[in-house]
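Quick look at structure.csv (CSV, C-alpha atoms):
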chain,number,residue,atom,x,y,z
X,7,ALA,CA,0.0,0.0,0.0
X,8,GLN,CA,1.1,3.5,-0.7
X,9,THR,CA,2.0,5.8,2.1
X,10,VAL,CA,2.8,9.5,2.2
X,11,THR,CA,4.9,11.1,5.0
X,12,GLN,CA,5.2,14.7,5.9
X,13,SER,CA,7.9,14.9,8.5
X,14,GLN,CA,7.3,18.6,9.5
X,15,PRO,CA,4.2,18.9,11.6
X,16,GLU,CA,4.7,22.7,11.8
X,17,MET,CA,6.7,25.3,9.9
X,18,SER,CA,7.0,29.0,10.1
X,19,VAL,CA,8.2,31.7,7.7
X,20,GLN,CA,8.6,35.4,7.6
X,21,GLU,CA,6.4,37.3,5.2
X,22,ALA,CA,8.1,37.7,1.8
X,23,GLU,CA,10.6,34.9,2.5
X,24,THR,CA,10.8,31.4,1.1
X,25,VAL,CA,9.8,28.2,2.8
X,26,THR,CA,10.0,24.5,1.7
X,27,LEU,CA,7.6,21.9,2.9
X,28,SER,CA,8.8,18.2,2.7
X,29,CYS,CA,6.9,15.2,1.5
X,30,THR,CA,8.1,11.6,0.8
X,31,TYR,CA,6.1,8.7,-0.4
X,32,ASP,CA,6.4,5.0,-0.8
X,33,THR,CA,5.1,3.2,-3.9
X,34,SER,CA,6.1,0.4,-6.2
X,35,GLU,CA,4.2,1.9,-9.1
X,36,SER,CA,5.7,3.9,-11.9
X,37,ASP,CA,2.7,6.0,-13.0
X,38,TYR,CA,1.0,8.2,-10.5
X,39,TYR,CA,0.1,11.8,-9.6
X,40,LEU,CA,1.2,13.9,-6.7
X,41,PHE,CA,-0.6,16.9,-5.3
X,42,TRP,CA,-0.3,19.6,-2.7
X,43,TYR,CA,-3.5,20.8,-1.2
X,44,LYS,CA,-3.9,23.9,1.0
X,45,GLN,CA,-6.5,23.8,3.8
X,46,PRO,CA,-7.1,27.2,5.5
X,47,PRO,CA,-9.1,27.4,8.8
X,48,SER,CA,-12.3,27.3,6.7
X,49,ARG,CA,-11.4,23.6,6.1
X,50,GLN,CA,-11.9,23.9,2.3
X,51,MET,CA,-9.4,21.8,0.4
X,52,ILE,CA,-7.7,23.9,-2.3
X,53,LEU,CA,-5.5,22.4,-4.9
X,54,VAL,CA,-2.1,24.2,-5.0
X,55,ILE,CA,-0.1,22.3,-7.5
X,56,ARG,CA,0.0,18.8,-9.1
X,57,GLN,CA,2.8,16.7,-10.7
X,58,GLU,CA,2.5,13.8,-13.1
X,59,ALA,CA,5.1,11.2,-12.3
X,60,TYR,CA,6.0,10.7,-16.0
X,61,LYS,CA,7.0,14.4,-16.3
X,62,GLN,CA,10.6,15.2,-15.4
X,63,GLN,CA,10.0,18.9,-15.4
X,64,ASN,CA,9.0,20.3,-12.0
X,65,ALA,CA,5.5,21.9,-11.8
X,66,THR,CA,5.2,25.6,-11.1
X,67,GLU,CA,2.2,27.7,-10.3
X,68,ASN,CA,3.1,31.4,-9.7
X,69,ARG,CA,4.8,31.5,-6.3
X,70,PHE,CA,4.5,27.8,-5.7
X,71,SER,CA,6.9,25.2,-7.2
X,72,VAL,CA,7.8,21.6,-6.5
X,73,ASN,CA,11.0,19.7,-6.4
X,74,PHE,CA,10.0,16.2,-7.6
X,75,GLN,CA,12.7,13.6,-7.2
X,76,LYS,CA,11.2,10.3,-8.5
X,77,ALA,CA,14.0,8.0,-7.6
X,78,ALA,CA,14.2,9.4,-4.1
X,79,LYS,CA,10.3,9.4,-3.9
X,80,SER,CA,10.4,13.0,-2.7
X,81,PHE,CA,8.0,15.8,-3.5
X,82,SER,CA,8.7,19.1,-1.7
X,83,LEU,CA,6.7,22.3,-2.1
X,84,LYS,CA,8.5,25.7,-2.2
X,85,ILE,CA,6.5,28.8,-1.5
X,86,SER,CA,8.3,32.0,-2.6
X,87,ASP,CA,7.6,35.5,-1.4
X,88,SER,CA,5.3,34.1,1.4
X,89,GLN,CA,2.1,36.0,2.1
X,90,LEU,CA,-0.1,36.1,5.2
X,91,GLY,CA,-2.8,34.4,3.2
X,92,ASP,CA,-0.5,31.4,2.7
X,93,ALA,CA,-0.9,30.4,6.3
X,94,ALA,CA,-2.8,27.1,6.4
X,95,MET,CA,-2.4,23.3,6.7
X,96,TYR,CA,-0.7,21.9,3.7
X,97,PHE,CA,-1.3,18.3,2.6
X,98,CYS,CA,0.7,16.2,0.3
X,99,ALA,CA,-1.3,13.5,-1.6
X,100,TYR,CA,-0.7,10.6,-3.9
X,101,ARG,CA,-3.0,9.0,-6.5
X,102,SER,CA,-2.2,5.9,-8.5
X,103,ASP,CA,-2.7,6.0,-12.2
X,104,GLN,CA,-3.6,2.4,-12.4
X,105,GLY,CA,-7.0,1.6,-13.7
X,106,GLY,CA,-9.7,1.6,-11.1
X,107,SER,CA,-7.7,3.4,-8.4
X,108,GLU,CA,-9.6,6.3,-7.0
X,109,LYS,CA,-8.0,6.8,-3.7
X,110,LEU,CA,-6.0,9.8,-2.8
X,111,VAL,CA,-3.5,8.9,-0.1
X,112,PHE,CA,-2.8,11.9,2.2
X,113,GLY,CA,0.0,12.8,4.5
X,114,LYS,CA,-0.8,14.1,8.0
X,115,GLY,CA,-0.2,17.7,7.0
X,116,THR,CA,2.1,20.6,7.8
X,117,LYS,CA,0.8,23.6,9.6
X,118,LEU,CA,2.4,26.7,8.0
X,119,THR,CA,2.5,30.0,10.0
X,120,VAL,CA,3.4,33.2,8.2
X,121,ASN,CA,4.8,35.9,10.5
X,122,PRO,CA,4.4,39.5,9.6
A,3,ASN,CA,-21.0,26.4,-12.4
A,4,ALA,CA,-21.2,25.8,-8.6
A,5,GLY,CA,-18.6,23.0,-8.5
A,6,VAL,CA,-19.1,20.4,-5.7
A,7,THR,CA,-21.9,21.3,-3.3
A,8,GLN,CA,-22.4,19.6,0.0
A,9,THR,CA,-25.3,19.9,2.4
A,10,PRO,CA,-25.7,20.3,5.3
A,11,LYS,CA,-22.5,22.2,6.4
A,12,PHE,CA,-23.1,21.5,10.1
A,13,GLN,CA,-25.0,18.7,11.8
A,14,VAL,CA,-25.4,17.3,15.3
A,15,LEU,CA,-26.7,13.8,15.6
A,16,LYS,CA,-27.5,11.6,18.5
A,17,THR,CA,-26.0,8.1,18.7
A,18,GLY,CA,-28.1,5.7,16.8
A,19,GLN,CA,-29.7,8.2,14.5
A,20,SER,CA,-29.4,8.0,10.8
A,21,MET,CA,-28.9,10.8,8.3
A,22,THR,CA,-27.8,11.5,4.7
A,23,LEU,CA,-25.1,13.9,3.6
A,24,GLN,CA,-25.9,15.3,0.2
A,25,CYS,CA,-23.3,15.9,-2.5
A,26,ALA,CA,-24.0,17.3,-6.0
A,27,GLN,CA,-21.7,18.4,-8.8
A,28,ASP,CA,-22.5,20.3,-11.9
A,29,MET,CA,-19.4,19.6,-13.9
A,30,ASN,CA,-20.5,16.3,-15.4
A,31,HIS,CA,-17.7,14.5,-13.6
A,32,GLU,CA,-17.8,10.7,-13.8
A,33,TYR,CA,-15.9,10.0,-10.6
A,34,MET,CA,-17.2,11.0,-7.2
A,35,SER,CA,-16.0,10.1,-3.7
A,36,TRP,CA,-16.4,10.7,0.0
A,37,TYR,CA,-13.6,11.3,2.4
A,38,ARG,CA,-13.5,11.9,6.2
A,39,GLN,CA,-11.0,14.0,8.0
A,40,ASP,CA,-10.2,13.4,11.7
A,41,PRO,CA,-8.1,15.6,13.9
A,42,GLY,CA,-4.4,15.5,13.0
A,43,MET,CA,-5.0,13.4,10.0
A,44,GLY,CA,-5.2,13.8,6.3
A,45,LEU,CA,-8.4,12.7,4.5
A,46,ARG,CA,-9.3,9.0,4.2
A,47,LEU,CA,-11.5,7.6,1.5
A,48,ILE,CA,-14.9,6.2,2.6
A,49,HIS,CA,-16.7,5.2,-0.7
A,50,TYR,CA,-16.4,6.2,-4.3
A,51,SER,CA,-18.2,5.9,-7.6
A,52,VAL,CA,-16.9,5.7,-11.2
A,53,GLY,CA,-20.2,6.4,-12.7
A,54,ALA,CA,-24.0,6.2,-12.3
A,55,GLY,CA,-25.0,2.9,-10.8
A,56,ILE,CA,-21.4,1.9,-9.8
A,57,THR,CA,-20.0,2.3,-6.3
A,58,ASP,CA,-17.1,0.7,-4.4
A,59,GLN,CA,-15.6,0.8,-0.9
A,60,GLY,CA,-12.7,2.9,0.1
A,61,GLU,CA,-10.4,2.7,3.1
A,62,VAL,CA,-12.9,3.2,5.9
A,63,PRO,CA,-16.4,2.1,4.6
A,64,ASN,CA,-17.9,0.6,7.7
A,65,GLY,CA,-21.1,2.4,9.0
A,66,TYR,CA,-21.7,4.2,5.7
A,67,ASN,CA,-23.7,3.5,2.6
A,68,VAL,CA,-23.8,5.2,-0.8
A,69,SER,CA,-25.6,5.1,-4.0
A,70,ARG,CA,-25.2,6.8,-7.4
A,71,SER,CA,-28.5,7.0,-9.3
A,72,THR,CA,-27.4,10.1,-11.4
A,73,THR,CA,-24.1,11.5,-12.6
A,74,GLU,CA,-24.7,14.7,-10.5
A,75,ASP,CA,-25.6,13.3,-7.0
A,76,PHE,CA,-23.7,11.0,-4.6
A,77,PRO,CA,-25.3,10.9,-1.2
A,78,LEU,CA,-23.6,9.4,1.9
A,79,ARG,CA,-25.8,7.7,4.4
A,80,LEU,CA,-24.9,7.1,8.0
A,81,LEU,CA,-27.0,4.1,9.0
A,82,SER,CA,-26.7,4.3,12.8
A,83,ALA,CA,-24.5,7.1,13.9
A,84,ALA,CA,-21.7,6.5,16.4
A,85,PRO,CA,-19.4,9.0,18.2
A,86,SER,CA,-16.5,7.6,16.2
A,87,GLN,CA,-18.2,9.1,13.1
A,88,THR,CA,-17.7,12.6,14.4
A,89,SER,CA,-15.6,14.1,11.7
A,90,VAL,CA,-15.5,16.5,8.8
A,91,TYR,CA,-16.7,14.9,5.6
A,92,PHE,CA,-15.6,15.9,2.1
A,93,CYS,CA,-17.2,15.1,-1.2
A,94,ALA,CA,-15.0,15.2,-4.2
A,95,SER,CA,-15.3,14.7,-8.0
A,96,ARG,CA,-13.1,14.5,-11.1
A,97,VAL,CA,-13.5,13.9,-14.8
A,98,GLY,CA,-12.7,10.4,-16.0
A,99,SER,CA,-9.7,11.5,-18.1
A,100,GLY,CA,-8.5,14.2,-15.7
A,101,ASN,CA,-6.3,13.7,-12.6
A,102,THR,CA,-7.3,16.7,-10.5
A,103,ILE,CA,-9.9,16.0,-7.7
A,104,TYR,CA,-12.1,18.9,-6.7
A,105,PHE,CA,-13.5,19.0,-3.2
A,106,GLY,CA,-16.6,20.4,-1.7
A,107,GLU,CA,-16.4,22.7,1.3
A,108,GLY,CA,-16.9,20.0,3.8
A,109,SER,CA,-19.7,18.9,6.2
A,110,TRP,CA,-19.0,19.1,10.0
A,111,LEU,CA,-20.7,16.2,11.7
A,112,THR,CA,-20.9,15.7,15.5
A,113,VAL,CA,-22.4,12.6,17.0
A,114,VAL,CA,-23.2,12.8,20.7
Rewritten as C-alpha cells:
Amino acid sequence: AQTVTQSQPEMSVQEAETVTLSCTYDTSESDYYLFWYKQPPSRQMILVIRQEAYKQQNATENRFSVNFQKAAKSFSLKISDSQLGDAAMYFCAYRSDQGGSEKLVFGKGTKLTVNP
Amino acid sequence: NAGVTQTPKFQVLKTGQSMTLQCAQDMNHEYMSWYRQDPGMGLRLIHYSVGAGITDQGEVPNGYNVSRSTTEDFPLRLLSAAPSQTSVYFCASRVGSGNTIYFGEGSWLTVV
C-alpha cells in the first residue's frame, strides 16, 4: 500500500521569504500523480499544485513550485515570497494512475504559519 | 457552475440516528468520492463511484452507505451514527480523463 509522509508537523516563515515543505512517499508503481493541497481554517481543500510522475519537469504555479525527485520518492513544495494568506495546513497527496484506483492517499499535513 | 456542493454544512446527531449527507456536482464528472478528516489526519476515502450505478468501498467504509443514481448526485448515508463518526466529511469529484480531484467545502458532523 502506498504511504505519504510529511515529516514537519509545523513550519513558520517570515512574510516575503521562502519556505520549503517536505513530502516523501512510498510506492512500487511507476505511474501516479502527486498533489499539494492547502487547507485554511475554513477547512476547504484547495489544490495548490500537481505533478504527473511521467513528467521530469517540476511543476510551477506562480509563487508555488515543487522539487520532484522520482528516484528518491520525494515531492517538496517551495513557497516563494510568502504572504499572510499562505498560512494554512498543507497536505501532500498521492494518487495511483492504475485503472480503477480512485483513492487519494494523504500525509498528515504541515501547519504553516506566516509571520508579519 | 457551482462546482461540488455539500449539504448540510453542520449537523449534530444523537447516537443511533441516521442521516444523509448530500453531494452534488454540476461539472458532469464521472468520478465522485467521499472522504472523512479526523483531527491530526489527512483525508481518508470512505466510498467512491466511477459512474452512475457503480460504487465501491474505500479505506474506511464501515457504517456508511452510498448510491449513485445520477451523474450529479452522490449521497452518503450514516445508518446508525456512532461517536466515532464525528468528523469533517468531504465530497469530491473529477472527470474520467483528468487527474485533479475537486473538493466540496466539507460537512462538519458531530455525534453525541
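For the pair atom CA of Val90 of chain A and atom CA of Lys109 of chain X, the interatomic distance is 17.5 Å.
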Which chain X residues are at most 9 Å from chain A (counting all atoms listed in the file), as a PDB file with C-alpha atoms, in the frame of the given file?
ATOM      1  CA  TYR X  39       0.100  11.800  -9.600  1.00  0.00           C
ATOM      2  CA  PHE X  41      -0.600  16.900  -5.300  1.00  0.00           C
ATOM      3  CA  SER X  48     -12.300  27.300   6.700  1.00  0.00           C
ATOM      4  CA  ARG X  49     -11.400  23.600   6.100  1.00  0.00           C
ATOM      5  CA  GLN X  50     -11.900  23.900   2.300  1.00  0.00           C
ATOM      6  CA  MET X  51      -9.400  21.800   0.400  1.00  0.00           C
ATOM      7  CA  ILE X  52      -7.700  23.900  -2.300  1.00  0.00           C
ATOM      8  CA  LEU X  53      -5.500  22.400  -4.900  1.00  0.00           C
ATOM      9  CA  ARG X  56       0.000  18.800  -9.100  1.00  0.00           C
ATOM     10  CA  GLU X  58       2.500  13.800 -13.100  1.00  0.00           C
ATOM     11  CA  PHE X  97      -1.300  18.300   2.600  1.00  0.00           C
ATOM     12  CA  CYS X  98       0.700  16.200   0.300  1.00  0.00           C
ATOM     13  CA  ALA X  99      -1.300  13.500  -1.600  1.00  0.00           C
ATOM     14  CA  ARG X 101      -3.000   9.000  -6.500  1.00  0.00           C
ATOM     15  CA  ASP X 103      -2.700   6.000 -12.200  1.00  0.00           C
ATOM     16  CA  GLY X 106      -9.700   1.600 -11.100  1.00  0.00           C
ATOM     17  CA  GLU X 108      -9.600   6.300  -7.000  1.00  0.00           C
ATOM     18  CA  LYS X 109      -8.000   6.800  -3.700  1.00  0.00           C
ATOM     19  CA  LEU X 110      -6.000   9.800  -2.800  1.00  0.00           C
ATOM     20  CA  VAL X 111      -3.500   8.900  -0.100  1.00  0.00           C
ATOM     21  CA  PHE X 112      -2.800  11.900   2.200  1.00  0.00           C
ATOM     22  CA  GLY X 113       0.000  12.800   4.500  1.00  0.00           C
ATOM     23  CA  LYS X 114      -0.800  14.100   8.000  1.00  0.00           C
ATOM     24  CA  GLY X 115      -0.200  17.700   7.000  1.00  0.00           C
TER      25      GLY X 115
END
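Straight-line separation from atom CA of Thr22 of chain A to atom CA of Asn64 of chain A: 15.0 Å.
Interatomic distance, atom CA of Tyr43 of chain X against atom CA of Ser18 of chain X: 17.5 Å.
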Skipping near chain neighbours, those fewer than 5 positions away, what residues fall within 7 Å of Thr7 of chain A using all atoms listed in the file, listed as an NGL selection string? :A and (25-27 or 106)
Pull C-alpha atoms from the residues just selected and write them as a JSON list (two decimals), keeping the file's coordinate frame.
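Generated file (out_18.json):
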[["chain", "number", "residue", "atom", "x", "y", "z"],
["A", 25, "CYS", "CA", -23.30, 15.90, -2.50],
["A", 26, "ALA", "CA", -24.00, 17.30, -6.00],
["A", 27, "GLN", "CA", -21.70, 18.40, -8.80],
["A", 106, "GLY", "CA", -16.60, 20.40, -1.70]]
Need to verify the contact set: Thr88 of chain A, 9 Å, only C-alpha atoms, exclusion of same-chain residues closer than 2 positions in sequence. Can you return it as a PDB file with C-alpha atoms, keeping the file's coordinate frame?
ATOM      1  CA  ASP A  40     -10.200  13.400  11.700  1.00  0.00           C
ATOM      2  CA  ALA A  83     -24.500   7.100  13.900  1.00  0.00           C
ATOM      3  CA  ALA A  84     -21.700   6.500  16.400  1.00  0.00           C
ATOM      4  CA  PRO A  85     -19.400   9.000  18.200  1.00  0.00           C
ATOM      5  CA  SER A  86     -16.500   7.600  16.200  1.00  0.00           C
ATOM      6  CA  VAL A  90     -15.500  16.500   8.800  1.00  0.00           C
ATOM      7  CA  TRP A 110     -19.000  19.100  10.000  1.00  0.00           C
ATOM      8  CA  LEU A 111     -20.700  16.200  11.700  1.00  0.00           C
ATOM      9  CA  THR A 112     -20.900  15.700  15.500  1.00  0.00           C
ATOM     10  CA  VAL A 113     -22.400  12.600  17.000  1.00  0.00           C
ATOM     11  CA  VAL A 114     -23.200  12.800  20.700  1.00  0.00           C
TER      12      VAL A 114
END
Please return as a count of residues only every residue within 12 Å of (9.4, 25.4, 4.4), taking into account all atoms listed in the file and the file's own coordinates. 34
Report, as lines of an AutoDock Vina configuration file, the centre and edge lengths in Å (one decimal) of the axis-aligned box enclosing every listed atom of segment 29-34 of chain A, padded by 8 Å on each side.
center_x = -18.2
center_y = 14.8
center_z = -11.3
size_x = 20.6
size_y = 25.6
size_z = 24.2
Show me, as a VMD selection string, the residues that have an atom within 10 Å of Asp75 of chain A when counting only C-alpha atoms, minus same-chain residues fewer than 2 positions from it. chain A and resid 6 to 8 24 to 28 34 54 69 to 73 77 to 78
Can you tell me which residues surround Gln75 of chain X at a distance of at most 12 Å, considering only C-alpha atoms, apart from same-chain residues fewer than 2 positions away, and format the answer as a PDB file with C-alpha atoms, in the coordinates of the input?
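File written: around-v4.pdb
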ATOM      1  CA  SER X  28       8.800  18.200   2.700  1.00  0.00           C
ATOM      2  CA  CYS X  29       6.900  15.200   1.500  1.00  0.00           C
ATOM      3  CA  THR X  30       8.100  11.600   0.800  1.00  0.00           C
ATOM      4  CA  TYR X  31       6.100   8.700  -0.400  1.00  0.00           C
ATOM      5  CA  LEU X  40       1.200  13.900  -6.700  1.00  0.00           C
ATOM      6  CA  GLN X  57       2.800  16.700 -10.700  1.00  0.00           C
ATOM      7  CA  GLU X  58       2.500  13.800 -13.100  1.00  0.00           C
ATOM      8  CA  ALA X  59       5.100  11.200 -12.300  1.00  0.00           C
ATOM      9  CA  TYR X  60       6.000  10.700 -16.000  1.00  0.00           C
ATOM     10  CA  LYS X  61       7.000  14.400 -16.300  1.00  0.00           C
ATOM     11  CA  GLN X  62      10.600  15.200 -15.400  1.00  0.00           C
ATOM     12  CA  GLN X  63      10.000  18.900 -15.400  1.00  0.00           C
ATOM     13  CA  ASN X  64       9.000  20.300 -12.000  1.00  0.00           C
ATOM     14  CA  ALA X  65       5.500  21.900 -11.800  1.00  0.00           C
ATOM     15  CA  VAL X  72       7.800  21.600  -6.500  1.00  0.00           C
ATOM     16  CA  ASN X  73      11.000  19.700  -6.400  1.00  0.00           C
ATOM     17  CA  ALA X  77      14.000   8.000  -7.600  1.00  0.00           C
ATOM     18  CA  ALA X  78      14.200   9.400  -4.100  1.00  0.00           C
ATOM     19  CA  LYS X  79      10.300   9.400  -3.900  1.00  0.00           C
ATOM     20  CA  SER X  80      10.400  13.000  -2.700  1.00  0.00           C
ATOM     21  CA  PHE X  81       8.000  15.800  -3.500  1.00  0.00           C
ATOM     22  CA  SER X  82       8.700  19.100  -1.700  1.00  0.00           C
ATOM     23  CA  LEU X  83       6.700  22.300  -2.100  1.00  0.00           C
TER      24      LEU X  83
END
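Of the residues listed (A:Arg38, A:Cys93, A:Leu23, A:Ser82), A:Leu23 shows the shortest atom-to-atom separation from Thr9 of chain A; distances use only C-alpha atoms.
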